[in-house]
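Novice: Contents of structure12.cif (mmCIF, C-alpha atoms) are below:
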```
data_model
#
loop_
_atom_site.label_atom_id
_atom_site.label_comp_id
_atom_site.auth_asym_id
_atom_site.auth_seq_id
_atom_site.Cartn_x
_atom_site.Cartn_y
_atom_site.Cartn_z
CA MET A 1 0.00 0.00 0.00
CA ILE A 2 1.07 3.52 -0.59
CA ALA A 3 -0.33 6.46 1.37
CA LEU A 4 -0.22 9.74 -0.53
CA VAL A 5 -0.19 12.84 1.66
CA GLY A 6 -1.75 15.88 -0.04
CA SER A 7 -0.82 18.50 2.52
CA PRO A 8 1.94 20.91 1.48
CA ARG A 9 3.05 21.20 5.11
CA ALA A 10 6.04 19.15 6.26
CA LYS A 11 4.39 18.07 9.51
CA SER A 12 0.66 17.93 9.00
CA THR A 13 -2.49 16.35 10.36
CA SER A 14 -2.82 14.59 7.00
CA GLU A 15 0.62 13.01 7.39
CA MET A 16 -0.20 11.93 10.94
CA LEU A 17 -3.39 10.25 9.70
CA ALA A 18 -1.59 8.66 6.74
CA ARG A 19 1.07 7.20 9.02
CA ARG A 20 -1.62 5.85 11.35
CA LEU A 21 -3.13 3.96 8.41
CA ALA A 22 0.27 2.83 7.10
CA ASP A 23 1.45 1.58 10.50
CA GLY A 24 -1.77 -0.37 10.98
CA VAL A 25 -1.66 -2.03 7.59
CA GLN A 26 2.02 -2.86 8.05
CA LYS A 27 1.10 -4.83 11.18
CA HIS A 28 -1.02 -7.02 8.91
CA GLY A 29 2.14 -7.92 7.03
CA TRP A 30 1.75 -5.48 4.17
CA GLN A 31 4.59 -3.53 2.64
CA VAL A 32 3.69 0.14 3.00
CA ASP A 33 5.11 3.52 2.12
CA VAL A 34 4.07 7.11 2.87
CA GLN A 35 4.89 9.81 0.32
CA ARG A 36 4.15 13.53 0.14
CA ILE A 37 2.60 14.57 -3.16
CA THR A 38 3.98 18.11 -3.06
CA VAL A 39 7.55 16.84 -2.75
CA ALA A 40 7.11 14.53 -5.74
CA MET A 41 5.36 17.14 -7.88
CA ARG A 42 8.26 19.59 -7.79
CA LYS A 43 10.84 17.35 -9.55
CA PRO A 44 10.22 15.14 -12.62
CA GLU A 45 12.43 12.31 -11.40
CA ARG A 46 10.66 12.21 -8.06
CA TRP A 47 7.27 12.20 -9.78
CA ALA A 48 8.36 9.35 -12.06
CA ALA A 49 9.39 7.30 -9.03
CA LEU A 50 6.12 8.03 -7.23
CA GLU A 51 4.06 7.23 -10.33
CA ALA A 52 5.78 3.84 -10.60
CA GLN A 53 5.13 3.17 -6.92
CA VAL A 54 1.47 4.05 -7.24
CA ARG A 55 1.00 1.91 -10.34
CA ALA A 56 2.51 -1.07 -8.53
CA ALA A 57 0.39 -0.71 -5.37
CA ASP A 58 -2.51 -2.95 -4.42
CA ALA A 59 -4.05 -0.14 -2.39
CA VAL A 60 -3.67 3.62 -2.36
CA ALA A 61 -4.75 5.85 0.52
CA LEU A 62 -5.09 9.52 -0.43
CA VAL A 63 -4.96 11.70 2.68
CA PHE A 64 -5.33 15.46 2.38
CA PRO A 65 -6.66 18.65 3.95
CA LEU A 66 -9.70 20.42 2.53
CA TYR A 67 -8.66 23.43 0.45
CA VAL A 68 -11.50 25.71 -0.70
CA ASP A 69 -14.06 22.89 -0.54
CA ALA A 70 -11.93 20.47 -2.57
CA LEU A 71 -8.51 18.88 -2.93
CA PRO A 72 -5.37 21.04 -2.75
CA ALA A 73 -4.17 22.14 -6.19
CA GLU A 74 -1.15 19.87 -6.37
CA THR A 75 -3.20 16.87 -5.27
CA THR A 76 -5.66 17.65 -8.07
CA GLN A 77 -2.77 17.87 -10.53
CA ALA A 78 -1.35 14.57 -9.29
CA LEU A 79 -4.69 12.84 -9.90
CA GLU A 80 -4.89 14.41 -13.37
CA ARG A 81 -1.45 13.01 -14.19
CA LEU A 82 -2.31 9.57 -12.83
CA ALA A 83 -5.63 9.40 -14.68
CA ALA A 84 -3.83 10.28 -17.92
CA VAL A 85 -1.19 7.61 -17.31
CA TYR A 86 -3.79 4.99 -16.37
CA GLN A 87 -5.50 5.43 -19.76
CA THR A 88 -2.53 3.80 -21.49
CA GLN A 89 -0.72 2.12 -18.59
CA PRO A 90 -3.24 0.85 -16.07
CA PRO A 91 -2.09 -0.39 -12.67
CA GLU A 92 -0.27 -3.68 -12.65
CA GLN A 93 -3.13 -5.32 -10.71
CA ALA A 94 -6.60 -4.52 -9.39
CA GLN A 95 -6.13 -1.43 -7.27
CA ARG A 96 -8.21 -0.07 -4.41
CA TRP A 97 -8.32 3.59 -3.46
CA LEU A 98 -9.59 5.21 -0.32
CA ALA A 99 -9.52 8.85 0.70
CA VAL A 100 -9.24 10.59 4.06
CA VAL A 101 -9.98 14.31 4.15
CA ASN A 102 -9.86 16.59 7.16
CA CYS A 103 -11.02 20.18 7.54
CA GLY A 104 -10.85 22.86 10.21
CA PHE A 105 -14.58 23.40 10.14
CA PHE A 106 -16.69 21.65 12.74
CA GLU A 107 -18.87 19.76 10.29
CA ALA A 108 -17.37 16.65 8.67
CA LYS A 109 -19.94 16.93 5.89
CA GLN A 110 -18.08 19.97 4.53
CA ASN A 111 -15.63 17.39 3.12
CA ASP A 112 -18.25 15.57 1.08
CA ILE A 113 -17.60 17.32 -2.25
CA ALA A 114 -13.89 16.51 -1.97
CA LEU A 115 -14.74 12.86 -1.40
CA ALA A 116 -17.11 12.92 -4.38
CA ILE A 117 -14.23 14.25 -6.51
CA CYS A 118 -11.98 11.41 -5.31
CA ARG A 119 -14.67 8.87 -6.08
CA GLU A 120 -15.16 10.31 -9.57
CA PHE A 121 -11.39 10.11 -10.10
CA THR A 122 -11.45 6.38 -9.38
CA ARG A 123 -14.33 5.89 -11.81
CA GLU A 124 -12.56 7.78 -14.57
CA ALA A 125 -9.19 6.16 -13.84
CA GLY A 126 -10.65 2.66 -13.77
CA VAL A 127 -9.63 1.76 -10.24
CA GLN A 128 -11.78 0.61 -7.36
CA TRP A 129 -13.27 2.98 -4.80
CA SER A 130 -13.20 1.55 -1.28
CA GLY A 131 -14.69 4.55 0.51
CA GLY A 132 -13.82 7.87 2.08
CA LEU A 133 -13.37 9.14 5.62
CA ALA A 134 -14.49 12.71 6.34
CA ILE A 135 -13.08 14.35 9.46
CA GLY A 136 -14.29 17.67 10.84
CA GLY A 137 -12.82 19.72 13.65
CA GLY A 138 -9.28 19.23 12.39
CA GLY A 139 -8.18 22.43 14.08
CA MET A 140 -7.75 20.60 17.34
CA PHE A 141 -5.04 18.29 16.04
CA SER A 142 -1.44 19.26 16.64
CA GLY A 143 0.33 16.54 14.68
CA GLN A 144 0.29 14.10 17.59
CA PRO A 145 -0.97 10.54 16.99
CA LEU A 146 -4.73 9.99 17.34
CA GLU A 147 -4.29 8.15 20.63
CA HIS A 148 -2.61 11.23 22.16
CA TYR A 149 -5.99 12.98 22.51
CA GLY A 150 -7.47 10.29 24.74
CA ASN A 151 -11.20 9.81 25.05
CA MET A 152 -11.97 12.66 22.68
CA THR A 153 -10.75 10.74 19.64
CA ARG A 154 -11.80 7.22 20.65
CA HIS A 155 -14.31 7.02 17.79
CA LEU A 156 -11.63 8.15 15.31
CA VAL A 157 -9.28 5.47 16.60
CA ARG A 158 -12.01 2.86 16.19
CA ALA A 159 -12.84 4.13 12.68
CA PHE A 160 -9.18 3.94 11.66
CA ASP A 161 -8.82 0.44 13.09
CA LEU A 162 -11.86 -0.70 11.10
CA THR A 163 -10.42 0.97 8.01
CA ILE A 164 -7.08 -0.78 8.48
CA ASP A 165 -8.82 -4.14 8.85
CA ALA A 166 -10.77 -3.48 5.64
CA LEU A 167 -7.62 -2.46 3.79
CA ALA A 168 -5.81 -5.58 4.91
CA ALA A 169 -8.79 -7.75 3.94
CA GLU A 170 -9.08 -5.95 0.60
CA THR A 171 -12.72 -5.04 1.17
CA ASP A 172 -14.70 -1.80 1.07
CA LEU A 173 -14.64 0.37 4.17
CA PRO A 174 -17.42 -0.67 6.53
CA ALA A 175 -20.35 1.67 7.10
CA GLU A 176 -19.46 1.79 10.80
CA ALA A 177 -16.09 3.37 10.01
CA LEU A 178 -17.63 5.93 7.66
CA GLN A 179 -20.14 6.93 10.35
CA LEU A 180 -17.83 6.86 13.37
CA VAL A 181 -15.27 9.10 11.76
CA ARG A 182 -17.88 11.82 11.29
CA GLN A 183 -18.76 12.07 14.95
CA PRO A 184 -17.86 15.48 16.38
CA LEU A 185 -14.88 15.75 18.68
CA PHE A 186 -16.53 18.51 20.74
CA PRO A 187 -19.95 20.07 21.16
CA ALA A 188 -20.41 22.51 18.26
CA TRP A 189 -20.61 25.62 20.47
CA MET A 190 -17.39 24.71 22.23
CA TYR A 191 -15.44 24.08 19.04
CA PHE A 192 -16.72 27.34 17.51
CA LEU A 193 -15.69 29.29 20.61
CA MET A 194 -12.29 27.61 20.83
CA ALA A 195 -11.61 28.14 17.12
CA ASN A 196 -12.25 31.88 17.33
CA LEU A 197 -10.39 32.30 20.63
CA GLY A 198 -7.53 30.25 19.21
CA MET A 199 -7.27 32.57 16.21
CA TYR A 200 -7.30 35.66 18.45
CA LYS A 201 -4.56 34.13 20.60
CA ALA A 202 -2.47 33.19 17.57
CA ALA A 203 -2.87 36.72 16.22
CA TYR A 204 -1.81 38.14 19.59
CA ASP A 205 1.21 35.84 19.69
CA HIS A 206 2.19 37.01 16.21
CA HIS A 207 1.67 40.69 17.14
CA VAL A 208 -1.07 41.19 14.55
CA LEU A 209 -4.13 41.22 16.80
CA THR A 210 -5.14 44.74 15.83
CA ARG A 211 -4.64 43.92 12.14
CA ILE A 212 -6.31 40.53 12.07
CA ASN A 213 -8.99 41.83 9.70
CA ALA A 214 -6.72 44.14 7.68
CA GLN A 215 -7.94 44.93 4.16
CA PRO A 216 -4.86 45.56 1.99
CA TYR A 217 -6.84 45.09 -1.22
CA ALA A 218 -9.88 47.19 -0.33
CA ARG A 219 -11.34 49.21 -3.15
CA LYS A 220 -10.73 52.90 -2.67
CA THR A 221 -14.48 53.57 -2.46
CA GLU A 222 -14.81 51.21 0.53
CA MET B 1 -20.30 45.52 -13.26
CA HIS B 2 -16.60 44.74 -13.15
CA THR B 3 -15.95 41.07 -13.88
CA VAL B 4 -12.77 39.08 -13.40
CA ILE B 5 -12.46 35.87 -15.37
CA LEU B 6 -10.00 33.41 -13.89
CA TYR B 7 -9.18 31.34 -16.93
CA GLY B 8 -7.92 27.86 -16.09
CA GLY B 9 -7.34 26.47 -19.56
CA ALA B 10 -3.99 25.29 -20.81
CA ASN B 11 -2.43 27.37 -23.56
CA THR B 12 -3.09 24.52 -25.99
CA ASP B 13 -6.78 24.27 -25.12
CA THR B 14 -8.44 25.87 -28.15
CA GLU B 15 -11.95 24.69 -27.26
CA LEU B 16 -11.91 26.37 -23.86
CA ALA B 17 -10.34 29.45 -25.42
CA ALA B 18 -13.33 29.64 -27.78
CA ILE B 19 -15.70 29.48 -24.78
CA HIS B 20 -13.67 32.23 -23.13
CA ASP B 21 -14.33 34.41 -26.18
CA LEU B 22 -18.06 33.63 -26.10
CA LEU B 23 -18.12 34.49 -22.41
CA THR B 24 -16.32 37.81 -22.79
CA ASP B 25 -18.64 38.75 -25.65
CA ALA B 26 -21.72 37.91 -23.56
CA LEU B 27 -20.39 39.87 -20.59
CA ALA B 28 -19.60 42.88 -22.77
CA ALA B 29 -23.07 42.70 -24.31
CA GLY B 30 -24.46 42.87 -20.78
CA GLY B 31 -22.50 46.02 -20.05
CA ALA B 32 -19.84 44.42 -17.86
CA THR B 33 -16.20 45.38 -17.93
CA VAL B 34 -14.02 42.29 -18.21
CA GLU B 35 -10.56 41.54 -16.85
CA SER B 36 -9.21 38.13 -17.85
CA LEU B 37 -6.44 36.47 -15.89
CA ARG B 38 -4.88 33.48 -17.66
CA VAL B 39 -3.55 31.33 -14.86
CA ALA B 40 -1.33 29.25 -17.16
CA ASP B 41 0.57 32.41 -18.11
CA MET B 42 0.98 33.59 -14.53
CA LYS B 43 3.59 32.69 -11.96
CA ILE B 44 1.54 31.27 -9.10
CA HIS B 45 3.07 29.01 -6.49
CA PRO B 46 0.66 26.57 -4.88
CA CYS B 47 -0.58 27.57 -1.41
CA VAL B 48 1.80 26.11 1.18
CA GLY B 49 -0.76 26.15 4.00
CA CYS B 50 1.40 28.32 6.29
CA PHE B 51 -1.41 30.67 7.44
CA GLY B 52 1.03 33.56 7.10
CA CYS B 53 -1.72 35.45 5.27
CA TRP B 54 -3.75 35.36 8.49
CA LEU B 55 -1.07 35.59 11.18
CA LYS B 56 2.01 37.34 9.75
CA THR B 57 0.83 39.72 7.01
CA PRO B 58 -2.95 39.67 7.49
CA GLY B 59 -4.75 39.84 4.18
CA GLU B 60 -1.71 39.22 2.00
CA CYS B 61 0.10 36.00 1.09
CA LEU B 62 3.73 35.74 2.10
CA ILE B 63 4.55 34.44 -1.39
CA ASP B 64 5.27 37.46 -3.59
CA ASP B 65 4.04 36.24 -6.96
CA ASP B 66 1.00 36.52 -9.22
CA GLY B 67 -1.12 34.83 -6.57
CA ARG B 68 -1.31 38.28 -4.97
CA THR B 69 -2.51 39.74 -8.28
CA VAL B 70 -5.27 37.14 -8.42
CA ALA B 71 -6.33 37.76 -4.83
CA ARG B 72 -6.47 41.53 -5.31
CA ALA B 73 -8.44 41.23 -8.55
CA LEU B 74 -10.94 38.82 -7.01
CA VAL B 75 -11.57 41.23 -4.14
CA GLN B 76 -11.94 44.31 -6.35
CA CYS B 77 -14.60 42.97 -8.70
CA ASP B 78 -18.36 42.57 -8.69
CA LEU B 79 -18.40 39.15 -10.34
CA ARG B 80 -15.85 36.34 -10.20
CA VAL B 81 -15.95 33.90 -13.09
CA PHE B 82 -14.00 30.65 -12.91
CA LEU B 83 -13.55 29.06 -16.36
CA THR B 84 -12.01 25.61 -16.27
CA PRO B 85 -11.95 22.09 -17.58
CA VAL B 86 -13.94 19.88 -15.22
CA SER B 87 -11.53 17.57 -13.46
CA PHE B 88 -13.32 14.64 -11.79
CA GLY B 89 -16.15 17.06 -11.02
CA GLY B 90 -13.84 19.70 -9.55
CA TYR B 91 -11.85 22.57 -10.95
CA GLY B 92 -8.87 21.68 -13.10
CA GLY B 93 -5.48 21.73 -11.45
CA VAL B 94 -4.40 24.90 -13.25
CA LEU B 95 -7.36 26.92 -11.97
CA LYS B 96 -7.23 25.33 -8.52
CA THR B 97 -3.69 26.65 -8.02
CA ALA B 98 -5.09 30.17 -8.28
CA VAL B 99 -8.29 29.46 -6.34
CA ASP B 100 -6.31 28.09 -3.38
CA ARG B 101 -4.55 31.45 -3.17
CA VAL B 102 -7.79 33.31 -2.27
CA VAL B 103 -7.33 32.34 1.39
CA PRO B 104 -5.86 35.78 2.27
CA THR B 105 -9.11 37.41 1.12
CA ILE B 106 -11.16 35.86 3.92
CA SER B 107 -10.90 36.38 7.66
CA PRO B 108 -9.34 33.71 9.87
CA LEU B 109 -12.26 34.18 12.25
CA PHE B 110 -15.41 32.11 12.05
CA VAL B 111 -19.11 32.76 11.67
CA LYS B 112 -22.17 30.55 11.39
CA VAL B 113 -23.93 30.47 8.02
CA ASN B 114 -27.14 28.46 7.95
CA GLY B 115 -25.94 26.71 11.10
CA GLU B 116 -22.58 25.75 9.56
CA MET B 117 -19.16 27.02 10.49
CA HIS B 118 -17.50 29.22 7.86
CA HIS B 119 -14.88 31.95 7.72
CA ARG B 120 -15.99 35.54 8.19
CA LEU B 121 -15.76 38.10 5.45
CA ARG B 122 -12.58 40.18 5.34
CA TYR B 123 -14.03 42.68 2.88
CA PRO B 124 -17.58 44.05 2.69
CA ASN B 125 -19.67 43.62 -0.46
CA PRO B 126 -18.25 40.32 -1.72
CA PRO B 127 -18.58 39.62 -5.43
CA SER B 128 -20.98 37.15 -6.98
CA LEU B 129 -19.61 33.86 -8.27
CA LEU B 130 -20.05 32.07 -11.56
CA ALA B 131 -18.17 28.94 -12.58
CA VAL B 132 -18.21 27.61 -16.11
CA GLY B 133 -16.87 24.12 -16.61
CA TRP B 134 -15.88 22.35 -19.78
CA GLN B 135 -16.22 18.68 -20.65
CA ARG B 136 -15.17 17.40 -24.06
CA GLN B 137 -17.67 14.55 -23.64
CA PRO B 138 -20.72 14.99 -21.40
CA ASN B 139 -20.27 13.43 -17.98
CA PRO B 140 -23.39 14.02 -15.86
CA ALA B 141 -21.78 12.68 -12.69
CA GLY B 142 -18.91 15.13 -13.00
CA ALA B 143 -21.26 17.97 -13.88
CA ASP B 144 -23.35 17.30 -10.78
CA ILE B 145 -20.30 17.38 -8.51
CA PHE B 146 -19.17 20.60 -10.21
CA ALA B 147 -22.53 22.28 -9.47
CA GLN B 148 -22.34 21.24 -5.82
CA LEU B 149 -18.76 22.47 -5.53
CA VAL B 150 -19.72 25.91 -6.82
CA GLN B 151 -22.61 26.06 -4.34
CA ARG B 152 -20.19 25.31 -1.50
CA ASN B 153 -17.69 27.89 -2.78
CA ALA B 154 -20.48 30.47 -2.95
CA ILE B 155 -21.30 29.87 0.73
CA ASN B 156 -17.67 30.06 1.82
CA MET B 157 -17.04 33.17 -0.28
CA HIS B 158 -20.31 34.76 0.90
CA ALA B 159 -21.30 35.37 -2.73
CA PRO B 160 -24.62 37.25 -2.92
CA ALA B 161 -25.48 35.46 -6.18
CA SER B 162 -23.97 32.41 -7.78
CA GLY B 163 -24.37 30.05 -10.67
CA SER B 164 -22.64 27.25 -12.49
CA LEU B 165 -22.76 25.74 -15.92
CA VAL B 166 -20.97 22.88 -17.62
CA LEU B 167 -20.56 23.18 -21.38
CA THR B 168 -19.63 20.21 -23.52
CA GLY B 169 -18.01 19.46 -26.84
CA THR B 170 -21.27 18.05 -28.15
CA GLN B 171 -23.02 21.44 -28.07
CA THR B 172 -23.08 23.91 -30.93
CA THR B 173 -21.65 27.38 -30.51
CA ASN B 174 -25.16 28.83 -30.56
CA GLU B 175 -26.25 26.44 -27.82
CA GLN B 176 -23.25 27.38 -25.72
CA ARG B 177 -23.91 31.09 -26.28
CA ALA B 178 -27.53 30.71 -25.19
CA LEU B 179 -26.56 28.78 -22.07
CA LEU B 180 -23.95 31.39 -21.13
CA THR B 181 -26.46 34.20 -21.60
CA GLY B 182 -28.92 32.42 -19.34
CA ILE B 183 -26.47 31.76 -16.54
CA LEU B 184 -25.13 35.32 -16.69
CA ARG B 185 -28.66 36.60 -16.03
CA GLN B 186 -28.70 34.46 -12.89
CA VAL B 187 -25.67 36.33 -11.54
CA GLY B 188 -26.96 39.75 -12.49
CA VAL B 189 -25.56 40.34 -15.97
CA ALA B 190 -28.39 41.32 -18.31
CA ALA B 191 -26.81 40.09 -21.53
#
```
In structure tokens, what does this structure look like?

Specialist:
Amino acid sequence: MIALVGSPRAKSTSEMLARRLADGVQKHGWQVDVQRITVAMRKPERWAALEAQVRAADAVALVFPLYVDALPAETTQALERLAAVYQTQPPEQAQRWLAVVNCGFFEAKQNDIALAICREFTREAGVQWSGGLAIGGGGMFSGQPLEHYGNMTRHLVRAFDLTIDALAAETDLPAEALQLVRQPLFPAWMYFLMANLGMYKAAYDHHVLTRINAQPYARKTE
Amino acid sequence: MHTVILYGGANTDTELAAIHDLLTDALAAGGATVESLRVADMKIHPCVGCFGCWLKTPGECLIDDDGRTVARALVQCDLRVFLTPVSFGGYGGVLKTAVDRVVPTISPLFVKVNGEMHHRLRYPNPPSLLAVGWQRQPNPAGADIFAQLVQRNAINMHAPASGSLVLTGTQTTNEQRALLTGILRQVGVAA
């Protein structure tokens, strides 16, 4: 299995989630690798190596943050390249894809369009769609493993364990995993409050509190 | 009405270029001024997710390239038009590189919209949003995802009016022109 990380950040929630999947599948005896898409996209030789790895995989896990309601640009471009390659050079064997998308908004359902795009990619590329995990409230993660957050993420841990079992068994993701992963980490009011307070604190720490809503591009009439 | 077209076609894409011309003609006929930004000809680095545009130089990306030009233009218009090949139901990768760079134009703070969490406006009077997609062969599944994506973008961008349309290579030029005229009316351009 190869896990493709779509976040441009070096240490990201997406990478943490990808490694959680990879570690779990490895315990089932699978050979696994985790690669960052943005690193591969910047150099042709790196992309060629990644493309070969993806084509040879039995399973691909695409893990990314939500960017403007969809996949980040370079993740989109990577899928465009792969779909074009698969038209003439399909994967070496039946290949399963799953996607994991996380967003900073409270509602996991805000990821649904991104998952629909991933599913449509698999249809057009001729590979199998195993399912997608949508995670809301991503702002509370700090790069630590899921287990680090204790009781708050117990349903995420369970959803990932079920996903790992399904990957290892080469089956679709179970409905229980798809539902568990969507459960909120906090009450909505608390997350909303913490998210805004967190932004104010971050702005204060960066000495931009009074400029947090600066308008450098305002029209002169405004 | 000042309109900015964010054109996401490749330089070799003659069919999308023809739609771009139909679109600019229809906008001009409706009295709009048109500014076209061809993303493929611009130097735009992908967003690196650093949040510097919220926490270091609020409202402006740390990357000093044409992404800033795009962000400024999309703030200072009355109508944003995204013109792009449909890629698995989403925007093509060329356009998406530019769209991801609009993050500086919204506030890092949050507000509830229809009970959902979204970012607050950074600027008053946000522009309307129209997205026109292109499919060489009709793909209803992709077109449906595209329409939903534009609806979500319109909520997150607080667009007062929005619309989407997917044109295909099986339509005649006259059919495409009529469809563009209709969707422009929906976003306030009386073509």

Novice: Please report as a ChimeraX atom specification which residues of chain B come no farther than 8 Å from chain A, using all atoms listed in the file.

Specialist: /B:46-50,54-60,72,75-76,87-90,92-94,96-97,99-100,107-110,116-118,122-124,141-142,145,148-149,152-153,156

Novice: I'd like to see the residues matched by the PyMOL selection byres ((chain B and resi 22) around 10) on this file, and ideally I'd get them as a list in words.

Specialist: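 This file, filtered by the PyMOL selection byres ((chain B and resi 22) around 10), leaves Leu16, Ala17, Ala18, Ile19, His20, Asp21, Leu23, Thr24, Asp25, Ala26, Leu27, Ala28, Thr173, Asn174, Gln176, Arg177, Ala178, Leu180 and Thr181 of chain B.
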
Novice: Within 8 Å of Lys43 of chain B, counting all atoms listed in the file, which residues show up once you throw out same-chain ones fewer than 4 positions away? Write them as a list of chain:residue names, please.

Specialist: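 Counting all atoms listed in the file, the residues come to B:Val39, B:Asp65, B:Asp66, B:Gly67.
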
Novice: Which neighbours of Gly24 of chain A fall inside 12 Å, counting only C-alpha atoms, when residues of the same chain fewer than 5 positions from it are skipped, and could you give them as a PyMOL selection string?

Specialist: chain A and resi 1+3+17-19+29-33+157-158+160-168

Novice: In Å, with one decimal, what is the gap from atom CA of Asn139 of chain B to atom CA of Asn11 of chain B?

Specialist: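 Distance reported for this atom pair: 23.3 Å.
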
Novice: What does the PyMOL selection byres ((chain B and resi 167) around 8) select in this file, as a list in words?

Specialist: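 Taken on the displayed file, the PyMOL selection byres ((chain B and resi 167) around 8) yields the residues Val132, Gly133, Trp134, Gln135, Leu165, Val166, Thr168, Gly169, Gln171 and Gln176 of chain B.
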
Novice: Give as a list in words the residues that the PyMOL selection byres ((chain B and resi 35) around 6) matches when applied to the coordinates above.

Specialist: Val4, Val34 and Ser36 of chain B

Novice: Quick check, in Å to one decimal: how far apart do atom CA of Gln179 of chain A and atom CA of Arg36 of chain A lie?

Specialist: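 Pair atom CA of Gln179 of chain A / atom CA of Arg36 of chain A returns 27.2 Å.
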
Novice: Figure out the distance between atom CA of Phe146 of chain B and atom CA of Asp41 of chain B, please, to one decimal in Å.

Specialist: 24.3 Å

Novice: List the spatial neighbours of Gln93 of chain A as an MDAnalysis selection string - criterion: any atom at most 10 Å away, all atoms listed in the file, same-chain residues fewer than 5 positions off excluded.

Specialist: chainID A and resid 55:59 127

Novice: Which is closest to Val102 of chain B among B:Leu37, B:Pro140, B:Leu130, B:Ala73, if we use all atoms listed in the file?

Specialist: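 Ranking B:Leu37, B:Pro140, B:Leu130, B:Ala73 by distance to Val102 of chain B, first place goes to B:Ala73.
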
Novice: Please identify all polymer residues within 7 Å of Ser130 of chain A, counting all atoms listed in the file, omitting same-chain residues fewer than 6 positions from it, and present them as a list in words.

Specialist: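 Counting only the stated atoms, we get Arg96, Trp97, Leu98, Asp172 and Leu173 of chain A.
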
Novice: Return the single residue from B:His119, B:Arg38, B:His45, B:Arg136 that is closest to Phe82 of chain B, with distances computed using all atoms listed in the file.

Specialist: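 Comparing B:His119, B:Arg38, B:His45, B:Arg136 against Phe82 of chain B, the winner is B:Arg38.
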
Novice: Complete the atoms of segment 30-41 of chain B to N, CA, C and O atoms and put them out as a short mmCIF file (atom, residue, chain, number, x, y, z; two decimals), in the coordinates of the input.

Specialist:
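Wrote selection.cif, looks like this:
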```cif
data_model
loop_
_atom_site.label_atom_id
_atom_site.label_comp_id
_atom_site.auth_asym_id
_atom_site.auth_seq_id
_atom_site.Cartn_x
_atom_site.Cartn_y
_atom_site.Cartn_z
N GLY B 30 -23.68 42.54 -21.97
CA GLY B 30 -24.46 42.87 -20.78
C GLY B 30 -23.96 44.11 -20.06
O GLY B 30 -24.43 44.43 -18.97
N GLY B 31 -22.99 44.77 -20.63
CA GLY B 31 -22.50 46.02 -20.05
C GLY B 31 -21.41 45.86 -19.02
O GLY B 31 -21.03 46.82 -18.34
N ALA B 32 -20.89 44.64 -18.87
CA ALA B 32 -19.84 44.42 -17.86
C ALA B 32 -18.46 44.76 -18.43
O ALA B 32 -18.21 44.58 -19.62
N THR B 33 -17.61 45.26 -17.56
CA THR B 33 -16.20 45.38 -17.93
C THR B 33 -15.53 44.06 -17.56
O THR B 33 -15.88 43.45 -16.55
N VAL B 34 -14.59 43.63 -18.39
CA VAL B 34 -14.02 42.29 -18.21
C VAL B 34 -12.51 42.36 -18.08
O VAL B 34 -11.83 43.00 -18.89
N GLU B 35 -12.00 41.69 -17.04
CA GLU B 35 -10.56 41.54 -16.85
C GLU B 35 -10.29 40.03 -16.83
O GLU B 35 -10.82 39.32 -15.98
N SER B 36 -9.51 39.57 -17.78
CA SER B 36 -9.21 38.13 -17.85
C SER B 36 -7.82 37.84 -17.31
O SER B 36 -6.85 38.48 -17.73
N LEU B 37 -7.74 36.91 -16.42
CA LEU B 37 -6.44 36.47 -15.89
C LEU B 37 -6.21 35.04 -16.33
O LEU B 37 -6.98 34.13 -15.96
N ARG B 38 -5.19 34.83 -17.15
CA ARG B 38 -4.88 33.48 -17.66
C ARG B 38 -3.88 32.83 -16.71
O ARG B 38 -2.69 33.17 -16.72
N VAL B 39 -4.38 31.91 -15.92
CA VAL B 39 -3.55 31.33 -14.86
C VAL B 39 -2.31 30.64 -15.43
O VAL B 39 -1.22 30.72 -14.87
N ALA B 40 -2.47 29.98 -16.58
CA ALA B 40 -1.33 29.25 -17.16
C ALA B 40 -0.18 30.18 -17.53
O ALA B 40 0.98 29.73 -17.62
N ASP B 41 -0.49 31.46 -17.75
CA ASP B 41 0.57 32.41 -18.11
C ASP B 41 1.12 33.15 -16.90
O ASP B 41 1.98 34.02 -17.04
#
```
